[in-house]
file run04.txt (compact mmCIF, C-alpha atoms)
# COMPACT_ATOMS: atom_id res chain seq x y z
CA MET A 26 -0.32 -17.02 -23.44
CA SER A 27 -0.86 -19.08 -20.30
CA ASN A 28 -3.68 -18.62 -17.85
CA ILE A 29 -3.50 -15.86 -15.21
CA ASN A 30 -3.98 -18.47 -12.50
CA GLU A 31 -0.71 -20.09 -13.51
CA VAL A 32 1.27 -16.89 -13.01
CA ARG A 33 -0.45 -15.13 -10.13
CA LYS A 34 -0.80 -17.26 -7.04
CA PRO A 35 -2.32 -15.54 -3.99
CA GLU A 36 -0.82 -16.51 -0.64
CA HIS A 37 -4.24 -16.40 1.04
CA GLN A 38 -7.66 -17.21 -0.33
CA ILE A 39 -9.40 -14.17 -1.78
CA ASP A 40 -12.06 -13.43 -4.37
CA THR A 41 -10.56 -14.23 -7.75
CA LEU A 42 -11.31 -10.86 -9.35
CA PHE A 43 -8.65 -9.09 -7.25
CA TYR A 44 -5.76 -11.00 -8.80
CA GLU A 45 -7.27 -12.06 -12.11
CA ARG A 46 -7.67 -8.40 -13.04
CA TRP A 47 -4.51 -7.06 -14.69
CA SER A 48 -3.49 -4.23 -17.00
CA PRO A 49 -2.92 -5.34 -20.58
CA ARG A 50 -1.66 -2.95 -23.25
CA ALA A 51 -2.90 -4.96 -26.25
CA MET A 52 -6.45 -3.76 -26.91
CA THR A 53 -8.77 -4.31 -29.88
CA GLY A 54 -10.13 -0.77 -30.17
CA GLU A 55 -13.66 -2.07 -30.62
CA GLU A 56 -16.56 0.15 -29.70
CA ILE A 57 -17.65 0.34 -26.07
CA SER A 58 -21.36 0.97 -25.52
CA ASN A 59 -22.69 3.81 -23.39
CA GLU A 60 -24.29 1.24 -21.13
CA THR A 61 -20.98 -0.56 -20.45
CA LEU A 62 -19.33 2.77 -19.75
CA ASN A 63 -22.12 3.66 -17.36
CA GLN A 64 -21.65 0.38 -15.55
CA LEU A 65 -18.00 1.26 -14.95
CA PHE A 66 -18.90 4.70 -13.56
CA GLU A 67 -21.69 3.17 -11.51
CA ALA A 68 -19.20 0.90 -9.75
CA ALA A 69 -16.91 3.88 -9.09
CA ARG A 70 -19.92 5.76 -7.74
CA TRP A 71 -20.36 3.47 -4.76
CA ALA A 72 -16.84 3.83 -3.37
CA PRO A 73 -16.64 5.12 0.20
CA SER A 74 -15.13 8.54 0.89
CA CYS A 75 -14.46 10.93 3.75
CA PHE A 76 -17.79 12.54 4.80
CA ASN A 77 -19.24 10.81 1.72
CA GLU A 78 -17.80 13.73 -0.26
CA GLN A 79 -17.33 11.59 -3.39
CA PRO A 80 -14.47 13.78 -4.67
CA TRP A 81 -13.99 11.75 -7.89
CA ASN A 82 -14.83 13.12 -11.32
CA PHE A 83 -14.34 11.52 -14.71
CA LEU A 84 -14.02 12.92 -18.23
CA TYR A 85 -14.02 10.52 -21.14
CA ALA A 86 -13.56 10.30 -24.90
CA LYS A 87 -14.46 7.25 -26.92
CA LYS A 88 -12.08 6.15 -29.66
CA ASP A 89 -12.48 8.23 -32.83
CA SER A 90 -14.90 10.64 -31.18
CA GLU A 91 -14.20 14.35 -31.67
CA ASP A 92 -12.37 14.53 -28.32
CA TRP A 93 -10.28 11.39 -28.85
CA GLY A 94 -7.14 13.10 -30.13
CA LEU A 95 -7.25 15.59 -27.30
CA PHE A 96 -7.32 12.83 -24.68
CA LEU A 97 -4.74 10.63 -26.41
CA LYS A 98 -2.21 13.47 -26.64
CA ILE A 99 -2.29 13.99 -22.88
CA LEU A 100 -0.54 10.65 -22.47
CA VAL A 101 3.24 10.46 -22.68
CA GLU A 102 4.31 9.20 -26.09
CA VAL A 103 5.17 5.70 -24.94
CA ASN A 104 1.61 5.25 -23.70
CA GLN A 105 0.07 6.73 -26.85
CA LEU A 106 1.69 3.93 -28.84
CA TRP A 107 -0.58 1.28 -27.33
CA ALA A 108 -3.44 3.31 -25.81
CA LYS A 109 -4.44 4.43 -29.30
CA ASN A 110 -6.16 1.04 -29.50
CA ALA A 111 -8.22 1.56 -26.35
CA SER A 112 -11.99 1.86 -26.73
CA VAL A 113 -12.24 4.81 -24.40
CA LEU A 114 -9.83 7.06 -22.53
CA ILE A 115 -10.92 8.35 -19.15
CA ALA A 116 -9.41 11.15 -17.07
CA CYS A 117 -9.74 10.51 -13.35
CA ILE A 118 -9.96 13.80 -11.45
CA SER A 119 -10.51 14.68 -7.79
CA LYS A 120 -11.84 17.77 -6.03
CA LYS A 121 -9.27 19.10 -3.59
CA THR A 122 -11.67 20.86 -1.21
CA PHE A 123 -14.84 19.79 0.52
CA THR A 124 -18.06 20.96 -1.11
CA ARG A 125 -19.59 21.10 2.39
CA ASN A 126 -17.26 23.77 3.78
CA GLY A 127 -14.57 24.69 1.23
CA LYS A 128 -11.76 23.35 3.43
CA PRO A 129 -8.95 21.17 2.03
CA ASN A 130 -9.95 17.53 1.69
CA GLY A 131 -6.98 15.48 2.90
CA THR A 132 -8.22 12.28 1.28
CA HIS A 133 -9.30 13.55 -2.15
CA SER A 134 -6.67 11.52 -4.01
CA PHE A 135 -7.01 8.51 -1.76
CA ASP A 136 -10.79 8.39 -2.16
CA ALA A 137 -10.54 8.84 -5.93
CA GLY A 138 -8.18 5.84 -5.90
CA ALA A 139 -10.90 3.77 -4.24
CA ALA A 140 -13.38 4.79 -6.93
CA TRP A 141 -10.86 3.93 -9.65
CA GLN A 142 -10.35 0.46 -8.20
CA ASN A 143 -14.10 -0.20 -8.28
CA LEU A 144 -14.12 0.89 -11.92
CA ALA A 145 -11.20 -1.39 -12.75
CA LEU A 146 -12.74 -4.40 -11.01
CA GLN A 147 -16.12 -3.85 -12.66
CA ALA A 148 -14.43 -3.60 -16.06
CA TYR A 149 -12.75 -6.95 -15.49
CA SER A 150 -16.02 -8.44 -14.33
CA LEU A 151 -17.67 -7.35 -17.62
CA GLY A 152 -14.87 -8.78 -19.78
CA TRP A 153 -13.09 -5.48 -20.34
CA SER A 154 -9.64 -4.31 -19.25
CA ALA A 155 -8.87 -1.04 -17.49
CA HIS A 156 -5.26 0.10 -17.54
CA GLY A 157 -4.33 3.04 -15.32
CA MET A 158 -1.59 5.42 -16.41
CA ALA A 159 0.42 8.01 -14.52
CA GLY A 160 2.52 8.37 -17.66
CA VAL A 161 0.66 11.57 -18.38
CA ASP A 162 1.58 15.15 -19.22
CA TYR A 163 -0.24 16.53 -16.18
CA LYS A 164 0.27 20.20 -17.08
CA LYS A 165 -1.07 19.67 -20.58
CA GLY A 166 -3.94 17.55 -19.27
CA LYS A 167 -5.04 20.20 -16.82
CA VAL A 168 -5.08 22.85 -19.56
CA ASP A 169 -6.42 20.83 -22.48
CA LEU A 170 -9.22 19.22 -20.49
CA LYS A 171 -10.07 22.59 -18.88
CA ILE A 172 -9.85 21.12 -15.41
CA PRO A 173 -10.79 23.83 -12.86
CA GLU A 174 -8.25 25.16 -10.38
CA ASP A 175 -9.75 23.32 -7.42
CA TYR A 176 -9.50 19.92 -9.11
CA GLN A 177 -6.55 17.57 -9.63
CA LEU A 178 -5.91 15.27 -12.57
CA GLU A 179 -5.04 11.99 -10.84
CA MET A 180 -4.34 9.69 -13.78
CA MET A 181 -5.69 8.50 -17.10
CA ILE A 182 -7.42 5.19 -17.75
CA ALA A 183 -7.44 3.20 -20.99
CA VAL A 184 -10.36 0.78 -21.24
CA GLY A 185 -10.54 -1.83 -23.98
CA LYS A 186 -11.06 -5.44 -24.85
CA GLN A 187 -7.88 -7.46 -24.59
CA ALA A 188 -6.22 -8.23 -27.93
CA GLU A 189 -3.49 -10.60 -29.10
CA VAL A 190 0.00 -9.62 -27.99
CA SER A 191 1.07 -9.68 -31.65
CA ILE A 192 -0.66 -6.35 -32.33
CA LEU A 193 1.70 -4.54 -29.97
CA PRO A 194 4.83 -2.67 -31.05
CA GLU A 195 7.94 -4.85 -30.53
CA ASP A 196 9.10 -3.19 -27.27
CA PHE A 197 5.78 -3.88 -25.56
CA LYS A 198 5.48 -7.53 -26.50
CA LYS A 199 7.92 -8.71 -23.86
CA LYS A 200 6.27 -6.59 -21.17
CA GLU A 201 2.76 -7.89 -21.79
CA TRP A 202 3.03 -11.32 -20.23
CA PRO A 203 3.24 -12.51 -17.52
CA PRO A 204 1.41 -9.72 -15.65
CA SER A 205 3.24 -8.04 -12.78
CA GLY A 206 3.63 -9.85 -9.46
CA ARG A 207 3.45 -8.32 -6.01
CA LYS A 208 5.48 -8.01 -2.81
CA SER A 209 4.65 -10.48 -0.08
CA ILE A 210 2.24 -9.35 2.65
CA ASN A 211 5.15 -9.45 5.09
CA ASP A 212 6.78 -6.67 3.12
CA PHE A 213 3.97 -4.18 3.72
CA VAL A 214 2.07 -5.30 6.85
CA GLN A 215 3.31 -4.91 10.42
CA LYS A 216 1.74 -5.61 13.78
CA GLY A 217 1.76 -2.58 16.10
CA GLN A 218 4.09 0.35 15.56
CA TRP A 219 6.40 0.72 12.59
CA LYS A 220 9.60 -1.26 13.12
CA MET B 26 -33.34 -2.80 9.80
CA SER B 27 -34.37 -3.23 6.17
CA ASN B 28 -32.27 -4.86 3.50
CA ILE B 29 -29.46 -2.89 1.80
CA ASN B 30 -31.09 -3.62 -1.56
CA GLU B 31 -34.15 -1.67 -0.50
CA VAL B 32 -32.18 1.48 0.23
CA ARG B 33 -29.36 1.45 -2.31
CA LYS B 34 -30.54 1.13 -5.88
CA PRO B 35 -27.85 1.30 -8.55
CA GLU B 36 -28.80 3.12 -11.76
CA HIS B 37 -26.85 0.63 -13.89
CA GLN B 38 -26.25 -3.05 -13.41
CA ILE B 39 -23.06 -3.76 -11.49
CA ASP B 40 -21.66 -6.48 -9.28
CA THR B 41 -23.60 -6.40 -6.04
CA LEU B 42 -20.58 -6.14 -3.74
CA PHE B 43 -19.88 -2.54 -4.80
CA TYR B 44 -23.11 -1.17 -3.36
CA GLU B 45 -23.92 -3.83 -0.77
CA ARG B 46 -20.69 -2.96 1.05
CA TRP B 47 -21.22 -0.09 3.49
CA SER B 48 -19.59 1.30 6.63
CA PRO B 49 -21.43 0.39 9.84
CA ARG B 50 -20.35 1.74 13.21
CA ALA B 51 -22.05 -0.96 15.29
CA MET B 52 -19.51 -3.77 15.66
CA THR B 53 -19.43 -6.84 17.90
CA GLY B 54 -15.78 -6.68 18.92
CA GLU B 55 -15.41 -10.40 18.39
CA GLU B 56 -11.99 -11.81 17.61
CA ILE B 57 -10.71 -11.71 14.04
CA SER B 58 -8.41 -14.56 13.08
CA ASN B 59 -4.96 -14.04 11.61
CA GLU B 60 -6.11 -15.83 8.49
CA THR B 61 -9.05 -13.48 7.93
CA LEU B 62 -6.77 -10.52 8.44
CA ASN B 63 -4.32 -11.97 5.94
CA GLN B 64 -7.11 -12.37 3.42
CA LEU B 65 -7.88 -8.66 3.71
CA PHE B 66 -4.24 -7.71 3.18
CA GLU B 67 -3.96 -10.21 0.34
CA ALA B 68 -6.79 -8.46 -1.51
CA ALA B 69 -5.09 -5.09 -0.94
CA ARG B 70 -1.87 -6.61 -2.22
CA TRP B 71 -3.16 -7.10 -5.76
CA ALA B 72 -4.21 -3.51 -6.38
CA PRO B 73 -2.56 -1.85 -9.37
CA SER B 74 -0.13 1.04 -8.86
CA CYS B 75 2.13 3.35 -10.81
CA PHE B 76 5.22 1.37 -11.93
CA ASN B 77 3.83 -1.42 -9.72
CA GLU B 78 5.44 0.46 -6.81
CA GLN B 79 2.82 -0.82 -4.34
CA PRO B 80 3.22 2.21 -2.05
CA TRP B 81 0.69 0.96 0.52
CA ASN B 82 1.69 -0.16 4.00
CA PHE B 83 -0.50 -1.30 6.88
CA LEU B 84 -0.02 -1.41 10.64
CA TYR B 85 -2.61 -3.16 12.75
CA ALA B 86 -3.66 -3.85 16.32
CA LYS B 87 -6.27 -6.40 17.27
CA LYS B 88 -8.78 -5.51 19.97
CA ASP B 89 -7.31 -5.88 23.46
CA SER B 90 -3.82 -6.59 22.15
CA GLU B 91 -0.97 -4.62 23.72
CA ASP B 92 -1.07 -2.05 20.92
CA TRP B 93 -4.86 -1.62 20.93
CA GLY B 94 -5.01 1.48 23.12
CA LEU B 95 -2.28 3.15 21.10
CA PHE B 96 -4.23 2.69 17.86
CA LEU B 97 -7.61 3.61 19.34
CA LYS B 98 -6.30 6.90 20.75
CA ILE B 99 -5.18 8.05 17.32
CA LEU B 100 -8.82 8.36 16.31
CA VAL B 101 -10.73 11.53 17.11
CA GLU B 102 -12.90 11.04 20.17
CA VAL B 103 -16.15 10.71 18.29
CA ASN B 104 -14.72 7.75 16.39
CA GLN B 105 -13.25 6.13 19.51
CA LEU B 106 -16.80 5.90 20.92
CA TRP B 107 -17.83 3.26 18.39
CA ALA B 108 -14.50 1.99 17.03
CA LYS B 109 -13.65 0.62 20.48
CA ASN B 110 -15.88 -2.30 19.44
CA ALA B 111 -13.96 -3.05 16.25
CA SER B 112 -12.08 -6.34 16.06
CA VAL B 113 -8.97 -4.74 14.59
CA LEU B 114 -7.77 -1.23 13.84
CA ILE B 115 -5.58 -0.76 10.80
CA ALA B 116 -3.47 2.24 9.84
CA CYS B 117 -3.23 2.71 6.08
CA ILE B 118 0.05 4.34 5.14
CA SER B 119 1.70 5.20 1.81
CA LYS B 120 5.29 5.74 0.75
CA LYS B 121 5.71 9.18 -0.77
CA THR B 122 8.73 8.42 -2.93
CA PHE B 123 9.54 5.69 -5.42
CA THR B 124 11.73 2.90 -4.12
CA ARG B 125 13.12 2.56 -7.66
CA ASN B 126 14.66 6.06 -7.85
CA GLY B 127 13.83 8.07 -4.73
CA LYS B 128 11.75 10.60 -6.70
CA PRO B 129 8.32 11.81 -5.49
CA ASN B 130 5.54 9.37 -6.31
CA GLY B 131 2.61 11.48 -7.52
CA THR B 132 0.09 8.69 -7.05
CA HIS B 133 1.11 7.32 -3.64
CA SER B 134 -2.18 8.31 -1.97
CA PHE B 135 -4.29 7.43 -4.98
CA ASP B 136 -2.74 3.96 -5.27
CA ALA B 137 -3.11 3.34 -1.53
CA GLY B 138 -6.78 4.21 -1.97
CA ALA B 139 -7.10 1.45 -4.55
CA ALA B 140 -5.53 -1.04 -2.14
CA TRP B 141 -7.89 0.08 0.64
CA GLN B 142 -10.89 -0.46 -1.60
CA ASN B 143 -9.80 -4.03 -2.33
CA LEU B 144 -9.44 -4.61 1.40
CA ALA B 145 -12.91 -3.18 2.07
CA LEU B 146 -14.55 -5.26 -0.65
CA GLN B 147 -12.82 -8.44 0.49
CA ALA B 148 -13.94 -7.78 4.06
CA TYR B 149 -17.54 -7.51 2.89
CA SER B 150 -17.16 -10.65 0.84
CA LEU B 151 -16.03 -12.52 3.97
CA GLY B 152 -18.91 -11.24 6.10
CA TRP B 153 -16.91 -8.51 7.83
CA SER B 154 -17.26 -4.73 7.70
CA ALA B 155 -14.45 -2.27 7.05
CA HIS B 156 -15.10 1.34 8.01
CA GLY B 157 -12.56 3.92 6.85
CA MET B 158 -11.89 6.98 8.98
CA ALA B 159 -10.20 10.29 8.24
CA GLY B 160 -11.37 11.43 11.67
CA VAL B 161 -7.87 10.87 12.90
CA ASP B 162 -5.28 12.89 14.81
CA TYR B 163 -2.76 12.67 12.00
CA LYS B 164 0.07 14.33 13.91
CA LYS B 165 -0.36 12.00 16.87
CA GLY B 166 -0.72 9.00 14.57
CA LYS B 167 2.52 9.76 12.78
CA VAL B 168 4.42 10.06 16.09
CA ASP B 169 2.76 7.27 18.10
CA LEU B 170 2.93 4.72 15.28
CA LYS B 171 6.55 5.76 14.53
CA ILE B 172 5.74 6.29 10.86
CA PRO B 173 8.97 7.23 9.04
CA GLU B 174 9.41 10.66 7.47
CA ASP B 175 8.99 9.42 3.92
CA TYR B 176 5.61 7.82 4.63
CA GLN B 177 2.14 9.32 5.00
CA LEU B 178 -0.68 8.18 7.27
CA GLU B 179 -3.65 8.09 4.89
CA MET B 180 -6.47 6.98 7.18
CA MET B 181 -7.48 4.43 9.77
CA ILE B 182 -9.69 1.42 9.21
CA ALA B 183 -11.97 -0.27 11.74
CA VAL B 184 -12.81 -3.87 10.84
CA GLY B 185 -15.48 -5.80 12.69
CA LYS B 186 -18.58 -7.94 12.45
CA GLN B 187 -21.73 -5.89 12.20
CA ALA B 188 -23.71 -5.66 15.44
CA GLU B 189 -27.22 -4.52 16.35
CA VAL B 190 -27.75 -0.77 16.16
CA SER B 191 -28.90 -0.84 19.79
CA ILE B 192 -25.32 -1.23 21.06
CA LEU B 193 -24.39 2.22 19.70
CA PRO B 194 -24.36 5.41 21.77
CA GLU B 195 -27.58 7.40 21.20
CA ASP B 196 -26.11 9.95 18.75
CA PHE B 197 -24.92 7.24 16.40
CA LYS B 198 -28.15 5.28 16.25
CA LYS B 199 -29.84 7.66 13.81
CA LYS B 200 -26.76 7.77 11.58
CA GLU B 201 -26.43 4.01 11.24
CA TRP B 202 -29.30 3.30 8.88
CA PRO B 203 -29.97 3.76 6.03
CA PRO B 204 -26.39 3.77 4.69
CA SER B 205 -25.27 6.81 2.72
CA GLY B 206 -26.46 7.30 -0.84
CA ARG B 207 -24.46 8.71 -3.72
CA LYS B 208 -24.55 11.47 -6.35
CA SER B 209 -25.89 10.49 -9.74
CA ILE B 210 -23.36 9.57 -12.42
CA ASN B 211 -24.34 12.74 -14.28
CA ASP B 212 -22.98 14.75 -11.38
CA PHE B 213 -19.43 13.44 -11.76
CA VAL B 214 -19.00 12.18 -15.32
CA GLN B 215 -18.62 14.38 -18.41
CA LYS B 216 -17.96 13.62 -22.06
CA GLY B 217 -14.93 15.47 -23.42
CA GLN B 218 -13.51 18.55 -21.74
CA TRP B 219 -14.74 19.92 -18.42
CA LYS B 220 -17.84 22.06 -18.93
call {"tool": "encode", "arguments": {"input": "run04.txt", "output": "structure tokens"}}
result
Amino acid sequence: MSNINEVRKPEHQIDTLFYERWSPRAMTGEEISNETLNQLFEAARWAPSCFNEQPWNFLYAKKDSEDWGLFLKILVEVNQLWAKNASVLIACISKKTFTRNGKPNGTHSFDAGAAWQNLALQAYSLGWSAHGMAGVDYKKGKVDLKIPEDYQLEMMIAVGKQAEVSILPEDFKKKEWPPSGRKSINDFVQKGQWK
Amino acid sequence: MSNINEVRKPEHQIDTLFYERWSPRAMTGEEISNETLNQLFEAARWAPSCFNEQPWNFLYAKKDSEDWGLFLKILVEVNQLWAKNASVLIACISKKTFTRNGKPNGTHSFDAGAAWQNLALQAYSLGWSAHGMAGVDYKKGKVDLKIPEDYQLEMMIAVGKQAEVSILPEDFKKKEWPPSGRKSINDFVQKGQWK
């Protein structure tokens, strides 16, 4: 496996963590401490949000804890195959209405996405990997995790220490490296109105 | 004005940028270079997304450019009062369907939120401030910016160099410092199912 800096080359100089962070599937399954987990949530905590509403919520189950099976089974099968070796599974949830006035919060998902990115970057910074998944049975997740009506399951997160590619099932080995690239800035940035 | 580290105290050790970054309203209005702007978009670029769809799009207008007034007037009036001193206004937009198959993308807002957070953190890291706003006339924004049907205006971003509080209109002075705090982790994290 080559170095991430050989395969991801930013077009403009940025802090390295933004492109060195990626989403491996090969994870060791080793135990994650409560303190590490708290550091991830602490980073999420400081994300900005509309009216400082902080609409993000997280549920988690550490590997082999009593809730582990419940969380793992919310993932689609193809994700279960590798995420079973995560150290913790986290459900990222957002509150759809403002606590301040009960009205719909138009940025509840968007703001939860900001919190998730902080969590992912902090994980990388601590030597862990956070892999987000929308490959989730959302209906099952909402029921099994007892998520209240006013809240939305956004996605699931597998956090673990990166492992050798060889531990992955055959189909995943080819997908693991190199990590995904990105569109060029010119493909998603425009000056002035949409053209 | 005291130091950010005197007013924001994380409960668990995390990288400083997550809590040192905040959203000032007092901005100098000085020019932002194309290269700095590109660095912000480059950071956004590397955010993760479902199927690596990268649903985020950005439109921008630098202060006093021909599009400046158009962008400024999309903000609600109370935001125009201070954002008129930003160096650039950016519209953050997401694509609601997958390019790969045309189906609805359930995480388009969430993923755009991750990209925005990268942009905000990179701005801080470069000595700039990025202030997100949902105080936006969304209907007007969609029309005036010619945002296509399949895309959603998520929020607007004011980027500038922090200025002295004294430049702000009276009502904003009290709001500027100290920066907003956050809920405790215990208020948004639970082990296992929702309780």
call {"tool": "interface_residues", "arguments": {"input": "run04.txt", "of": "chain A", "to": "chain B", "cutoff": "6 Å", "atoms": "all atoms listed in the file", "output": "list in words"}}
result
His37, Ile39, Tyr44, Gln64, Trp71, Asn82, Phe83, Leu84, Tyr85, Ala86, Asp92, Ser134, Phe135, Asp136, Gly138, Ala139, Gln142, Leu170, Lys171, Ile172, Phe213, Val214, Gln215, Lys216, Gly217, Gln218 and Trp219 of chain A
call {"tool": "axis_aligned_box", "arguments": {"input": "run04.txt", "around": "region 74-88 of chain A", "padding_each_side": "4 Å", "output": "lines of an AutoDock Vina configuration file"}}
result
center_x = -15.7
center_y = 10.0
center_z = -12.4
size_x = 15.2
size_y = 15.6
size_z = 42.5
call {"tool": "atom_distance", "arguments": {"input": "run04.txt", "atom1": "CA of Gln177 (chain B)", "atom2": "CA of Pro129 (chain A)"}}
result
16.5 Å
call {"tool": "atom_distance", "arguments": {"input": "run04.txt", "atom1": "CA of Lys121 (chain A)", "atom2": "CA of Asn104 (chain B)"}}
result
23.6 Å
call {"tool": "closest_residue", "arguments": {"input": "run04.txt", "among": "B:Gly94, B:Gly127, B:Gly54, B:Gly152", "to": "Asn110 (chain B)", "atoms": "all atoms listed in the file"}}
result
B:Gly54
call {"tool": "residues_around", "arguments": {"input": "run04.txt", "residues": "Ile99 (chain A)", "least_positions_apart": "6", "cutoff": "7 Å", "atoms": "only C-alpha atoms", "output": "list in words"}}
result
Val161, Asp162, Lys165 and Gly166 of chain A
